[in-house]
>>> print(open('data.cif').read())   # mmCIF, C-alpha atoms and all ligand atoms
data_my_file
loop_
_atom_site.label_atom_id
_atom_site.label_comp_id
_atom_site.auth_asym_id
_atom_site.auth_seq_id
_atom_site.Cartn_x
_atom_site.Cartn_y
_atom_site.Cartn_z
CA MET A 1242 38.89 227.07 118.37
CA LEU A 1243 40.58 225.55 115.33
CA SER A 1244 41.49 222.34 117.22
CA VAL A 1245 37.87 221.97 118.51
CA THR A 1246 36.58 222.34 114.95
CA LEU A 1247 39.13 219.82 113.67
CA SER A 1248 38.36 217.24 116.34
CA PHE A 1249 34.62 217.60 115.60
CA PHE A 1250 35.36 217.18 111.90
CA ASN A 1251 37.45 214.05 112.62
CA LYS A 1252 34.66 212.54 114.76
CA VAL A 1253 32.17 213.03 111.96
CA LEU A 1254 34.54 211.46 109.45
CA ALA A 1255 35.28 208.52 111.77
CA GLN A 1256 31.53 207.92 112.30
CA ASP A 1257 30.97 208.08 108.58
CA LEU A 1258 33.80 205.61 108.00
CA GLY A 1259 32.30 203.22 110.60
CA ASN A 1260 28.90 203.37 108.89
CA LYS A 1261 30.43 202.73 105.49
CA CYS A 1262 32.42 199.73 106.80
CA LYS A 1263 29.23 198.26 108.29
CA ALA A 1264 27.36 198.78 105.03
CA LEU A 1265 30.21 197.13 103.17
CA GLN A 1266 30.18 194.07 105.45
CA GLN A 1267 26.40 193.75 105.14
CA SER A 1268 26.23 194.31 101.39
CA GLY A 1269 28.64 191.67 100.04
CA SER A 1270 27.87 192.88 96.52
CA GLN A 1271 30.98 193.44 94.39
CA SER A 1272 29.71 196.61 92.71
CA VAL A 1273 28.86 198.20 96.07
CA LYS A 1274 32.35 197.29 97.35
CA LEU A 1275 33.96 198.88 94.31
CA SER A 1276 31.89 202.05 94.53
CA ARG A 1277 32.91 202.32 98.21
CA ILE A 1278 36.58 202.09 97.27
CA PHE A 1279 36.28 204.79 94.62
CA PHE A 1280 34.29 207.19 96.80
CA LEU A 1281 36.42 207.17 99.94
CA THR A 1282 36.44 210.30 102.07
CA PRO A 1283 39.87 211.90 102.69
CA LEU A 1284 40.02 210.28 106.14
CA GLU A 1285 39.15 206.85 104.74
CA ARG A 1286 41.77 207.23 102.05
CA PHE A 1287 44.32 208.31 104.66
CA MET A 1288 43.51 205.39 106.97
CA SER A 1289 43.46 202.77 104.24
CA ARG A 1290 46.81 204.10 103.04
CA THR A 1291 48.59 204.23 106.38
CA SER A 1292 47.18 201.41 108.54
CA SER A 1293 48.87 198.46 106.83
CA ARG A 1294 52.15 200.18 106.05
CA THR A 1295 55.57 199.47 107.50
CA SER A 1296 57.66 202.58 107.97
CA LEU A 1297 61.45 202.47 108.10
CA SER A 1298 61.27 203.15 111.87
CA ARG A 1299 58.89 200.28 112.45
CA PHE A 1300 60.99 197.96 110.28
CA LEU A 1301 64.13 198.87 112.23
CA ILE A 1302 62.44 198.53 115.63
CA GLU A 1303 61.19 195.08 114.65
CA GLN A 1304 64.72 194.17 113.55
CA THR A 1305 66.04 195.26 116.94
CA ARG A 1306 63.30 193.35 118.75
CA SER A 1307 64.23 190.16 116.95
CA HIS A 1308 67.87 190.86 117.92
CA GLN A 1309 69.02 191.21 114.33
CA THR A 1310 70.01 194.87 114.58
CA PRO A 1311 71.64 196.50 117.63
CA ALA A 1312 69.78 199.62 118.86
CA GLU A 1313 72.81 201.81 118.12
CA LEU A 1314 72.85 200.68 114.48
CA ARG A 1315 69.10 201.23 114.22
CA PHE A 1316 69.56 204.81 115.42
CA LEU A 1317 72.40 205.36 112.95
CA ILE A 1318 70.28 204.20 109.99
CA GLU A 1319 67.38 206.40 111.11
CA VAL A 1320 69.66 209.43 111.29
CA VAL A 1321 71.14 208.73 107.85
CA ALA A 1322 67.61 208.34 106.45
CA ARG A 1323 66.61 211.67 108.01
CA ALA A 1324 69.65 213.34 106.45
CA CYS A 1325 68.71 211.84 103.06
CA LYS A 1326 65.25 213.40 103.39
CA MET A 1327 66.92 216.77 103.96
CA ILE A 1328 69.19 216.28 100.94
CA ASN A 1329 66.15 215.25 98.89
CA HIS A 1330 64.45 218.49 99.93
CA GLN A 1331 67.43 220.57 98.80
CA VAL A 1332 67.85 218.64 95.52
CA SER A 1333 64.17 219.05 94.68
CA LYS A 1334 64.32 222.83 95.08
CA GLY A 1335 66.72 223.10 92.12
CA ALA A 1336 67.11 226.60 90.75
CA LEU A 1337 64.52 227.90 93.23
CA GLY A 1338 66.82 227.06 96.13
CA GLY A 1339 69.86 228.67 94.50
CA VAL A 1340 71.69 225.37 94.94
CA LEU A 1341 72.59 224.54 91.33
CA GLY A 1342 76.03 225.06 89.84
CA SER A 1343 79.59 224.69 91.02
CA MET A 1344 81.35 225.86 94.17
CA GLY A 1345 84.49 226.73 92.23
CA THR A 1346 86.44 224.24 94.39
CA GLU A 1347 87.78 220.71 93.84
CA ASN A 1348 87.59 217.64 96.07
CA VAL A 1349 90.50 215.36 96.93
CA GLN A 1350 90.05 213.49 93.62
CA GLY A 1351 90.46 216.74 91.65
CA GLU A 1352 86.76 216.79 90.68
CA VAL A 1353 84.84 220.05 90.56
CA GLN A 1354 82.55 220.31 93.61
CA LYS A 1355 78.93 221.25 93.03
CA LYS A 1356 77.16 223.40 95.61
CA LEU A 1357 74.91 220.44 96.35
CA ASP A 1358 77.90 218.12 96.87
CA VAL A 1359 79.13 220.37 99.63
CA LEU A 1360 75.68 221.00 101.10
CA SER A 1361 74.83 217.27 101.16
CA ASN A 1362 78.15 216.53 102.84
CA GLU A 1363 77.41 219.13 105.53
CA ILE A 1364 73.91 217.73 106.08
CA LEU A 1365 75.25 214.20 106.64
CA LEU A 1366 78.02 215.36 108.97
CA GLU A 1367 75.77 217.56 111.08
CA ALA A 1368 73.01 214.98 111.34
CA ASN A 1369 75.39 212.23 112.45
CA GLU A 1370 78.02 213.89 114.62
CA TRP A 1371 76.07 214.44 117.85
CA GLY A 1372 74.07 211.20 118.31
CA GLY A 1373 76.81 209.18 120.04
CA HIS A 1374 76.57 206.28 117.59
CA LEU A 1375 79.68 207.02 115.51
CA ALA A 1376 83.41 206.94 116.12
CA GLY A 1377 84.14 208.75 112.86
CA MET A 1378 83.06 209.51 109.31
CA ALA A 1379 84.69 209.66 105.89
CA SER A 1380 83.35 211.08 102.67
CA GLU A 1381 84.15 211.55 99.02
CA GLU A 1382 84.18 215.27 99.65
CA MET A 1383 86.78 215.30 102.45
CA ASP A 1384 90.50 214.54 102.18
CA ASN A 1385 90.76 212.97 105.64
CA ALA A 1386 88.58 211.17 108.17
CA TYR A 1387 86.09 213.44 109.99
CA GLN A 1388 86.57 213.54 113.75
CA ILE A 1389 83.52 213.54 116.01
CA PRO A 1390 83.77 216.84 117.96
CA GLY A 1391 85.03 216.34 121.52
CA LYS A 1392 81.81 217.69 123.09
CA TYR A 1393 79.82 214.70 121.78
CA PRO A 1394 79.97 211.07 122.91
CA LYS A 1395 81.52 208.55 120.55
CA GLY A 1396 79.99 205.28 119.41
CA SER A 1397 81.18 202.05 117.91
CA TYR A 1398 80.46 202.55 114.19
CA LEU A 1399 82.09 204.25 111.24
CA LEU A 1400 80.07 205.88 108.47
CA VAL A 1401 81.51 206.27 104.97
CA PHE A 1402 79.55 208.03 102.23
CA ASP A 1403 79.33 209.62 98.83
CA PRO A 1404 76.96 212.45 99.75
CA LEU A 1405 75.74 213.14 96.22
CA ASP A 1406 76.62 210.54 93.64
CA GLY A 1407 76.21 211.52 89.99
CA SER A 1408 76.30 215.18 90.88
CA SER A 1409 77.19 216.19 87.31
CA ASN A 1410 73.56 215.19 86.60
CA ILE A 1411 72.08 217.77 88.99
CA ASP A 1412 72.10 220.74 86.68
CA VAL A 1413 70.28 218.74 83.99
CA ASN A 1414 67.59 217.44 86.39
CA VAL A 1415 68.48 213.75 86.17
CA SER A 1416 68.46 211.31 89.14
CA VAL A 1417 71.23 211.55 91.71
CA GLY A 1418 71.69 209.80 95.06
CA THR A 1419 73.53 209.29 98.35
CA ILE A 1420 75.53 206.08 98.94
CA PHE A 1421 76.60 204.96 102.41
CA SER A 1422 78.44 202.12 104.12
CA VAL A 1423 78.61 201.27 107.84
CA LEU A 1424 81.59 199.54 109.44
CA ARG A 1425 82.47 198.73 113.05
CA CYS A 1426 85.23 200.84 114.52
CA PRO A 1427 88.16 198.59 115.43
CA ASP A 1428 89.01 198.39 119.12
CA ARG A 1429 91.31 201.35 119.92
CA ASN A 1430 92.57 199.89 123.22
CA GLY A 1431 91.60 203.01 125.15
CA GLU A 1432 93.45 205.35 122.76
CA GLU A 1433 91.80 208.79 122.87
CA GLY A 1434 93.46 210.77 120.04
CA ASP A 1435 92.19 211.44 116.53
CA LEU A 1436 90.85 208.50 114.59
CA GLY A 1437 93.26 207.67 111.77
CA GLU A 1438 92.43 206.59 108.23
CA GLU A 1439 93.56 203.02 109.00
CA ALA A 1440 90.42 202.42 111.12
CA PHE A 1441 88.35 202.70 107.93
CA LEU A 1442 90.53 200.45 105.77
CA GLN A 1443 88.45 197.31 106.12
CA PRO A 1444 87.31 195.04 103.28
CA GLY A 1445 83.67 195.26 102.19
CA THR A 1446 82.93 191.92 103.87
CA GLU A 1447 83.16 193.80 107.19
CA GLN A 1448 80.25 196.13 106.37
CA VAL A 1449 77.33 195.79 108.79
CA ALA A 1450 74.97 197.88 106.69
CA ALA A 1451 74.93 199.65 103.36
CA GLY A 1452 72.41 201.58 101.38
CA TYR A 1453 71.62 204.38 99.04
CA ALA A 1454 68.96 207.00 98.61
CA ILE A 1455 67.91 207.80 95.06
CA TYR A 1456 66.46 211.23 94.36
CA GLY A 1457 64.47 210.58 91.20
CA PRO A 1458 60.82 210.66 90.11
CA GLN A 1459 60.29 208.95 93.47
CA THR A 1460 62.73 209.19 96.34
CA MET A 1461 63.72 205.77 97.65
CA LEU A 1462 65.99 204.35 100.29
CA VAL A 1463 67.45 200.93 99.49
CA LEU A 1464 69.01 199.20 102.46
CA THR A 1465 70.76 196.02 103.46
CA LEU A 1466 71.60 194.99 107.01
CA GLY A 1467 73.06 191.72 105.74
CA ASN A 1468 69.81 189.78 105.48
CA GLY A 1469 68.40 190.71 102.09
CA VAL A 1470 67.62 194.03 100.48
CA LYS A 1471 64.64 196.24 101.31
CA GLY A 1472 63.33 199.23 99.39
CA PHE A 1473 61.52 202.12 101.08
CA THR A 1474 59.68 204.85 99.15
CA LEU A 1475 59.46 208.35 100.62
CA ASP A 1476 55.89 209.38 101.32
CA THR A 1477 56.42 213.09 100.90
CA GLU A 1478 53.07 213.97 102.55
CA MET A 1479 53.87 212.03 105.71
CA GLY A 1480 57.63 212.60 105.57
CA SER A 1481 58.42 208.94 106.17
CA PHE A 1482 60.08 206.14 104.23
CA ILE A 1483 57.60 203.29 103.69
CA LEU A 1484 58.58 199.69 102.93
CA THR A 1485 57.53 199.08 99.33
CA ASN A 1486 59.98 196.39 98.17
CA ASP A 1487 60.29 193.66 100.76
CA ASP A 1488 62.81 191.39 99.08
CA ILE A 1489 64.68 192.90 96.15
CA ARG A 1490 66.29 190.27 93.89
CA VAL A 1491 68.48 190.79 90.82
CA PRO A 1492 67.42 188.46 87.99
CA GLU A 1493 70.25 185.99 87.23
CA THR A 1494 70.10 186.54 83.49
CA THR A 1495 69.70 189.76 81.56
CA ALA A 1496 69.85 191.34 78.12
CA GLU A 1497 70.78 194.84 79.29
CA PHE A 1498 74.21 196.35 79.90
CA ALA A 1499 75.47 199.69 81.22
CA ILE A 1500 78.87 201.13 80.33
CA ASN A 1501 80.24 204.44 79.08
CA MET A 1502 80.92 203.38 75.47
CA SER A 1503 82.89 206.54 74.72
CA ASN A 1504 85.83 205.00 76.61
CA GLN A 1505 85.87 201.87 74.44
CA ARG A 1506 89.27 202.56 72.88
CA HIS A 1507 90.88 202.76 76.35
CA TRP A 1508 89.57 199.44 77.72
CA GLU A 1509 91.58 196.30 78.39
CA ALA A 1510 91.25 193.33 76.00
CA PRO A 1511 88.76 191.21 78.05
CA VAL A 1512 86.28 194.12 78.29
CA LYS A 1513 86.66 194.94 74.58
CA ARG A 1514 85.96 191.31 73.76
CA TYR A 1515 82.93 191.08 76.05
CA VAL A 1516 81.28 194.31 74.86
CA ASP A 1517 82.03 193.38 71.25
CA GLU A 1518 80.14 190.11 71.80
CA LEU A 1519 77.22 191.98 73.39
CA LEU A 1520 77.03 194.27 70.37
CA GLN A 1521 76.99 191.35 67.93
CA GLY A 1522 73.64 190.35 69.41
CA LYS A 1523 71.82 187.29 68.03
CA GLU A 1524 74.38 186.86 65.28
CA GLY A 1525 77.29 186.69 67.77
CA PRO A 1526 78.51 184.00 70.21
CA LEU A 1527 76.01 185.07 72.93
CA GLU A 1528 73.08 184.52 70.51
CA LYS A 1529 71.01 187.26 72.10
CA ASP A 1530 70.22 190.91 71.33
CA TYR A 1531 71.28 193.24 74.16
CA ASN A 1532 70.04 196.72 75.00
CA MET A 1533 72.20 199.46 76.54
CA ARG A 1534 71.46 202.13 79.21
CA TRP A 1535 73.85 204.61 80.87
CA VAL A 1536 72.58 207.27 83.28
CA ALA A 1537 76.10 208.21 84.47
CA ALA A 1538 74.98 208.19 88.10
CA MET A 1539 75.90 204.87 89.69
CA VAL A 1540 72.91 205.06 92.03
CA ALA A 1541 70.47 205.28 89.13
CA ASP A 1542 72.18 202.58 87.05
CA VAL A 1543 72.39 200.19 90.01
CA HIS A 1544 68.79 200.92 90.97
CA ARG A 1545 67.64 199.94 87.48
CA ILE A 1546 69.66 196.72 87.70
CA LEU A 1547 68.13 195.90 91.10
CA THR A 1548 64.72 196.49 89.60
CA ARG A 1549 64.95 194.60 86.30
CA GLY A 1550 68.44 193.09 86.01
CA GLY A 1551 71.46 194.10 83.98
CA ILE A 1552 75.22 194.42 84.20
CA PHE A 1553 76.97 197.65 85.24
CA MET A 1554 80.59 198.13 84.21
CA TYR A 1555 83.15 200.80 84.92
CA PRO A 1556 86.39 199.03 83.95
CA ARG A 1557 89.91 200.28 84.44
CA ASP A 1558 91.28 201.90 81.31
CA SER A 1559 94.51 203.17 79.82
CA ARG A 1560 93.83 206.89 80.31
CA GLU A 1561 95.25 206.89 83.83
CA PRO A 1562 97.10 203.56 84.08
CA GLU A 1563 98.09 204.16 87.71
CA LYS A 1564 94.40 204.21 88.74
CA PRO A 1565 92.55 200.89 88.80
CA GLY A 1566 89.25 202.46 87.67
CA LYS A 1567 87.13 205.58 88.19
CA LEU A 1568 84.79 204.54 91.00
CA ARG A 1569 85.74 204.66 94.66
CA LEU A 1570 86.04 201.40 96.60
CA MET A 1571 84.98 202.46 100.08
CA TYR A 1572 81.89 204.57 99.43
CA GLU A 1573 80.71 203.49 95.97
CA ALA A 1574 81.84 199.98 95.04
CA ASN A 1575 81.72 198.33 98.48
CA PRO A 1576 78.22 199.44 99.55
CA MET A 1577 76.81 198.74 96.07
CA SER A 1578 78.51 195.31 96.03
CA PHE A 1579 77.02 194.46 99.43
CA ILE A 1580 73.56 195.41 98.19
CA ILE A 1581 73.96 193.55 94.87
CA GLU A 1582 75.24 190.38 96.56
CA GLN A 1583 72.46 190.48 99.15
CA ALA A 1584 70.02 190.69 96.23
CA GLY A 1585 71.52 187.56 94.63
CA GLY A 1586 73.82 189.33 92.14
CA VAL A 1587 77.59 189.28 91.73
CA SER A 1588 80.21 192.04 91.96
CA THR A 1589 83.87 191.82 90.91
CA ASN A 1590 86.72 194.00 89.69
CA GLY A 1591 87.22 191.57 86.80
CA TYR A 1592 89.63 189.43 88.80
CA GLN A 1593 88.21 189.06 92.30
CA ARG A 1594 85.16 189.74 94.45
CA ILE A 1595 85.14 193.47 95.23
CA MET A 1596 84.17 192.93 98.88
CA ASP A 1597 87.33 190.84 99.42
CA ILE A 1598 89.68 193.68 98.45
CA GLN A 1599 91.78 195.03 101.33
CA PRO A 1600 91.65 198.83 100.90
CA GLU A 1601 94.93 200.68 101.11
CA SER A 1602 93.61 204.22 101.18
CA LEU A 1603 90.33 206.01 101.87
CA HIS A 1604 89.82 207.26 98.33
CA GLU A 1605 91.09 204.17 96.53
CA ARG A 1606 89.58 203.44 93.13
CA VAL A 1607 88.48 200.14 91.68
CA ALA A 1608 87.17 198.64 88.44
CA VAL A 1609 83.55 197.53 88.81
CA PHE A 1610 81.48 194.79 87.16
CA LEU A 1611 78.23 194.15 89.01
CA GLY A 1612 74.70 192.92 88.53
CA SER A 1613 73.11 189.81 87.06
CA LYS A 1614 75.11 186.71 87.94
CA GLU A 1615 75.40 185.15 84.47
CA GLU A 1616 76.85 188.24 82.77
CA VAL A 1617 79.18 189.32 85.61
CA GLU A 1618 80.59 185.80 85.79
CA ARG A 1619 81.05 185.77 82.01
CA VAL A 1620 83.08 189.01 81.84
CA THR A 1621 85.04 188.05 84.99
CA GLY A 1622 85.86 184.73 83.34
CA TYR A 1623 87.22 186.54 80.26
CA HIS A 1624 89.73 188.35 82.52
CA SER A 1625 91.36 185.07 83.52
CA GLU A 1626 91.49 183.47 80.05
P1 LIG A 1701 79.87 212.42 89.40
O1 LIG A 1701 79.40 212.27 90.83
O2 LIG A 1701 81.11 213.25 89.28
O3 LIG A 1701 78.80 212.84 88.47
O4 LIG A 1701 80.36 210.96 88.94
C1 LIG A 1701 79.45 209.92 88.96
C2 LIG A 1701 80.19 208.62 88.91
O5 LIG A 1701 81.13 208.55 89.95
C3 LIG A 1701 79.23 207.43 88.97
O6 LIG A 1701 78.11 207.66 89.73
C4 LIG A 1701 78.93 207.15 87.51
O7 LIG A 1701 78.62 205.81 87.27
C5 LIG A 1701 80.20 207.55 86.82
O8 LIG A 1701 80.85 208.50 87.68
C6 LIG A 1701 79.97 208.16 85.47
O9 LIG A 1701 81.20 208.40 84.88
P2 LIG A 1701 81.32 208.97 83.38
O10 LIG A 1701 80.91 210.41 83.43
O11 LIG A 1701 82.77 208.78 83.06
O12 LIG A 1701 80.43 208.16 82.50
#
>>> encode(input="data.cif", output="structure tokens")
Amino acid sequence: MLSVTLSFFNKVLAQDLGNKCKALQQSGSQSVKLSRIFFLTPLERFMSRTSSRTSLSRFLIEQTRSHQTPAELRFLIEVVARACKMINHQVSKGALGGVLGSMGTENVQGEVQKKLDVLSNEILLEANEWGGHLAGMASEEMDNAYQIPGKYPKGSYLLVFDPLDGSSNIDVNVSVGTIFSVLRCPDRNGEEGDLGEEAFLQPGTEQVAAGYAIYGPQTMLVLTLGNGVKGFTLDTEMGSFILTNDDIRVPETTAEFAINMSNQRHWEAPVKRYVDELLQGKEGPLEKDYNMRWVAAMVADVHRILTRGGIFMYPRDSREPEKPGKLRLMYEANPMSFIIEQAGGVSTNGYQRIMDIQPESLHERVAVFLGSKEEVERVTGYHSE
């Protein structure tokens, strides 16, 4: 009964829409056109919103059709995107979902794990383990590589991720995100045993895809498959990511920088010099006033830089001299560097291009300078003077 009523209702709306379109074509008057736009029926609004849109699925299918993206990789990205929607759902529940606060455990880096860190990790593992597109996974939240259970087929890719970046922001309701990187699994010459860590230790230049989801005022998926950077916004009513930023570019110049200034006394000389010059503004050697922003979630800081330019810095410092920085190479710096470079920006560790670094361990750390070309090149130059 309900479906009959609905289909009748739809027919009436469709007829009404047809009549309005005809009237619009015949009228030609601007004011009539405008009044039509403002007084759209729900169906008209729905159709005008959805008909010309490119969903993530459609984008990926078109990529496969033009032979730019193998079908297996397309499937992998779709599954990751689906997992990000599930994480977004959990994050948005906040206190109502009972998901805030700590687990009372630590990850391999000795950082306190939030409930949502662990939940997001589980969501990504479960979503990706059964599809047959992966040979293994690795995550910030797990000491060792994750083995695809024997009951599932294995594929040719490796997925590396930070399930919930910036998770210390969760309890204060500030943007967080998921960062991921896709690599090809090296040929194992028929070897059947567990996949070792060495399979993952490939430089960032070997990435075939990278992206992040940002859970903020809007939820977005930013993706590169190696031919530019695309931004998709989550339409929460339809449950799909819609292409909203077709060609994201980082402006070459900027007057905005991002760094945790409270660590200033621990920095190395080139970083001290550079930030000191930024702070001198118009009166200093750079002859320009700079503004500063620091969200303390890499996803949010990088997203701002992709949107309006800037330089993001997390340099190495003297607090833990044996560690070359705070951020992780494989699942933070490499995917973000791939995205930034594909958007026309630059990413270094102060001395060399981050994507050229040969990783030595899964959870290796690295100093990061990324964003607008002019500023990243300037601070990198100071390191070699
Ligand atoms: P959490 O995931 O522990 O919040 O760390 C976030 C992060 O790895 C990165 O996303 C931020 O840019 C950076 O750490 C912030 O570090 P500080 O708290 O030292 O500013």
>>> residues_near_ligand(input="data.cif", ligand="ligand LIG 1701 (chain A)", cutoff="8 Å", atoms="all atoms listed in the file", output="list in words")
Glu1352, Val1353, Leu1405, Asp1406, Gly1407, Ser1408, Ser1409, Asn1410, Ile1500, Asn1501, Trp1535, Val1536, Ala1537, Ala1538, Met1539, Val1540, Asp1542, Tyr1555, Lys1567, Leu1568, Arg1569 and Glu1573 of chain A
>>> atom_distance(input="data.cif", atom1="CA of Ala1510 in chain A", atom2="CA of Pro1565 in chain A")
14.9 Å
>>> residues_near_point(input="data.cif", point="(66.1, 208.0, 95.9)", cutoff="9 Å", atoms="only C-alpha atoms", output="mmCIF file with C-alpha atoms, keeping the file's coordinate frame")
data_model
loop_
_atom_site.group_PDB
_atom_site.id
_atom_site.type_symbol
_atom_site.label_atom_id
_atom_site.label_comp_id
_atom_site.auth_asym_id
_atom_site.auth_seq_id
_atom_site.Cartn_x
_atom_site.Cartn_y
_atom_site.Cartn_z
ATOM 1 C CA CYS A 1325 68.710 211.840 103.060
ATOM 2 C CA ASN A 1329 66.150 215.250 98.890
ATOM 3 C CA SER A 1416 68.460 211.310 89.140
ATOM 4 C CA VAL A 1417 71.230 211.550 91.710
ATOM 5 C CA GLY A 1418 71.690 209.800 95.060
ATOM 6 C CA THR A 1419 73.530 209.290 98.350
ATOM 7 C CA TYR A 1453 71.620 204.380 99.040
ATOM 8 C CA ALA A 1454 68.960 207.000 98.610
ATOM 9 C CA ILE A 1455 67.910 207.800 95.060
ATOM 10 C CA TYR A 1456 66.460 211.230 94.360
ATOM 11 C CA GLY A 1457 64.470 210.580 91.200
ATOM 12 C CA PRO A 1458 60.820 210.660 90.110
ATOM 13 C CA GLN A 1459 60.290 208.950 93.470
ATOM 14 C CA THR A 1460 62.730 209.190 96.340
ATOM 15 C CA MET A 1461 63.720 205.770 97.650
ATOM 16 C CA LEU A 1462 65.990 204.350 100.290
ATOM 17 C CA VAL A 1463 67.450 200.930 99.490
ATOM 18 C CA THR A 1474 59.680 204.850 99.150
ATOM 19 C CA LEU A 1475 59.460 208.350 100.620
ATOM 20 C CA VAL A 1540 72.910 205.060 92.030
ATOM 21 C CA ALA A 1541 70.470 205.280 89.130
#
>>> residues_around(input="data.cif", residues="range 1544-1551 of chain A", least_positions_apart="6", cutoff="9 Å", atoms="all atoms listed in the file", output="PDB file with C-alpha atoms, in the frame of the given file")
ATOM      1  CA  ILE A1455      67.910 207.800  95.060  1.00  0.00           C
ATOM      2  CA  VAL A1463      67.450 200.930  99.490  1.00  0.00           C
ATOM      3  CA  ILE A1489      64.680 192.900  96.150  1.00  0.00           C
ATOM      4  CA  ARG A1490      66.290 190.270  93.890  1.00  0.00           C
ATOM      5  CA  VAL A1491      68.480 190.790  90.820  1.00  0.00           C
ATOM      6  CA  PRO A1492      67.420 188.460  87.990  1.00  0.00           C
ATOM      7  CA  GLU A1493      70.250 185.990  87.230  1.00  0.00           C
ATOM      8  CA  THR A1494      70.100 186.540  83.490  1.00  0.00           C
ATOM      9  CA  THR A1495      69.700 189.760  81.560  1.00  0.00           C
ATOM     10  CA  ALA A1496      69.850 191.340  78.120  1.00  0.00           C
ATOM     11  CA  GLU A1497      70.780 194.840  79.290  1.00  0.00           C
ATOM     12  CA  PHE A1498      74.210 196.350  79.900  1.00  0.00           C
ATOM     13  CA  ALA A1499      75.470 199.690  81.220  1.00  0.00           C
ATOM     14  CA  ILE A1580      73.560 195.410  98.190  1.00  0.00           C
ATOM     15  CA  ILE A1581      73.960 193.550  94.870  1.00  0.00           C
ATOM     16  CA  ALA A1584      70.020 190.690  96.230  1.00  0.00           C
ATOM     17  CA  GLY A1586      73.820 189.330  92.140  1.00  0.00           C
ATOM     18  CA  LEU A1611      78.230 194.150  89.010  1.00  0.00           C
ATOM     19  CA  GLY A1612      74.700 192.920  88.530  1.00  0.00           C
ATOM     20  CA  SER A1613      73.110 189.810  87.060  1.00  0.00           C
ATOM     21  CA  GLU A1616      76.850 188.240  82.770  1.00  0.00           C
TER      22      GLU A1616
END
>>> residues_near_point(input="data.cif", point="(87.6, 212.1, 110.2)", cutoff="9 Å", atoms="all atoms listed in the file", output="number ranges by chain")
A: 1376-1380, 1383-1389, 1435-1438
>>> closest_residue(input="data.cif", among="A:Pro1576, A:Ile1595, A:Leu1400, A:Lys1471", to="Ile1420 in chain A", atoms="all atoms listed in the file")
A:Pro1576
>>> closest_residue(input="data.cif", among="A:Leu1281, A:Val1413, A:Ala1451, A:Ile1318", to="Ser1298 in chain A", atoms="all atoms listed in the file")
A:Ile1318
>>> residues_around(input="data.cif", residues="Glu1563 in chain A", least_positions_apart="6", cutoff="12 Å", atoms="all atoms listed in the file", output="list in words")
Arg1557, Glu1605, Arg1606 and Val1607 of chain A
>>> closest_residue(input="data.cif", among="A:Val1423, A:Phe1482, A:Arg1294, A:Ala1450", to="Gln1309 in chain A", atoms="all atoms listed in the file")
A:Ala1450
>>> axis_aligned_box(input="data.cif", around="range 1466-1481 of chain A", padding_each_side="3 Å", output="JSON")
{"center_x": 63.1, "center_y": 201.9, "center_z": 103.1, "size_x": 26.0, "size_y": 30.2, "size_z": 13.9}
>>> closest_residue(input="data.cif", among="A:Met1479, A:Ile1302, A:Leu1519, A:Met1571", to="Leu1399 in chain A", atoms="only C-alpha atoms")
A:Met1571
>>> atom_distance(input="data.cif", atom1="CA of Ser1422 in chain A", atom2="CA of Ala1440 in chain A")
13.9 Å
>>> atom_distance(input="data.cif", atom1="CA of Lys1395 in chain A", atom2="CA of Arg1315 in chain A")
15.7 Å
>>> closest_residue(input="data.cif", among="A:Ala1324, A:Val1332, A:Val1415, A:Leu1341", to="Leu1366 in chain A", atoms="only C-alpha atoms")
A:Ala1324
>>> decode(input="data.cif", residues="range 1547-1559 of chain A", atoms="C-alpha atoms", output="PDB file, in the first residue's frame")
ATOM      1  CA  LEU A1547      45.552  22.254   0.179  1.00  0.00           C
ATOM      2  CA  THR A1548      42.661  24.689   0.288  1.00  0.00           C
ATOM      3  CA  ARG A1549      44.446  28.030   0.655  1.00  0.00           C
ATOM      4  CA  GLY A1550      48.196  27.399   0.816  1.00  0.00           C
ATOM      5  CA  GLY A1551      50.642  27.428   3.695  1.00  0.00           C
ATOM      6  CA  ILE A1552      53.610  25.558   5.097  1.00  0.00           C
ATOM      7  CA  PHE A1553      53.274  22.730   7.639  1.00  0.00           C
ATOM      8  CA  MET A1554      56.288  21.884   9.782  1.00  0.00           C
ATOM      9  CA  TYR A1555      56.985  19.200  12.335  1.00  0.00           C
ATOM     10  CA  PRO A1556      60.791  19.329  12.568  1.00  0.00           C
ATOM     11  CA  ARG A1557      63.043  16.979  14.469  1.00  0.00           C
ATOM     12  CA  ASP A1558      63.997  18.365  17.858  1.00  0.00           C
ATOM     13  CA  SER A1559      66.376  17.755  20.723  1.00  0.00           C
TER      14      SER A1559
END
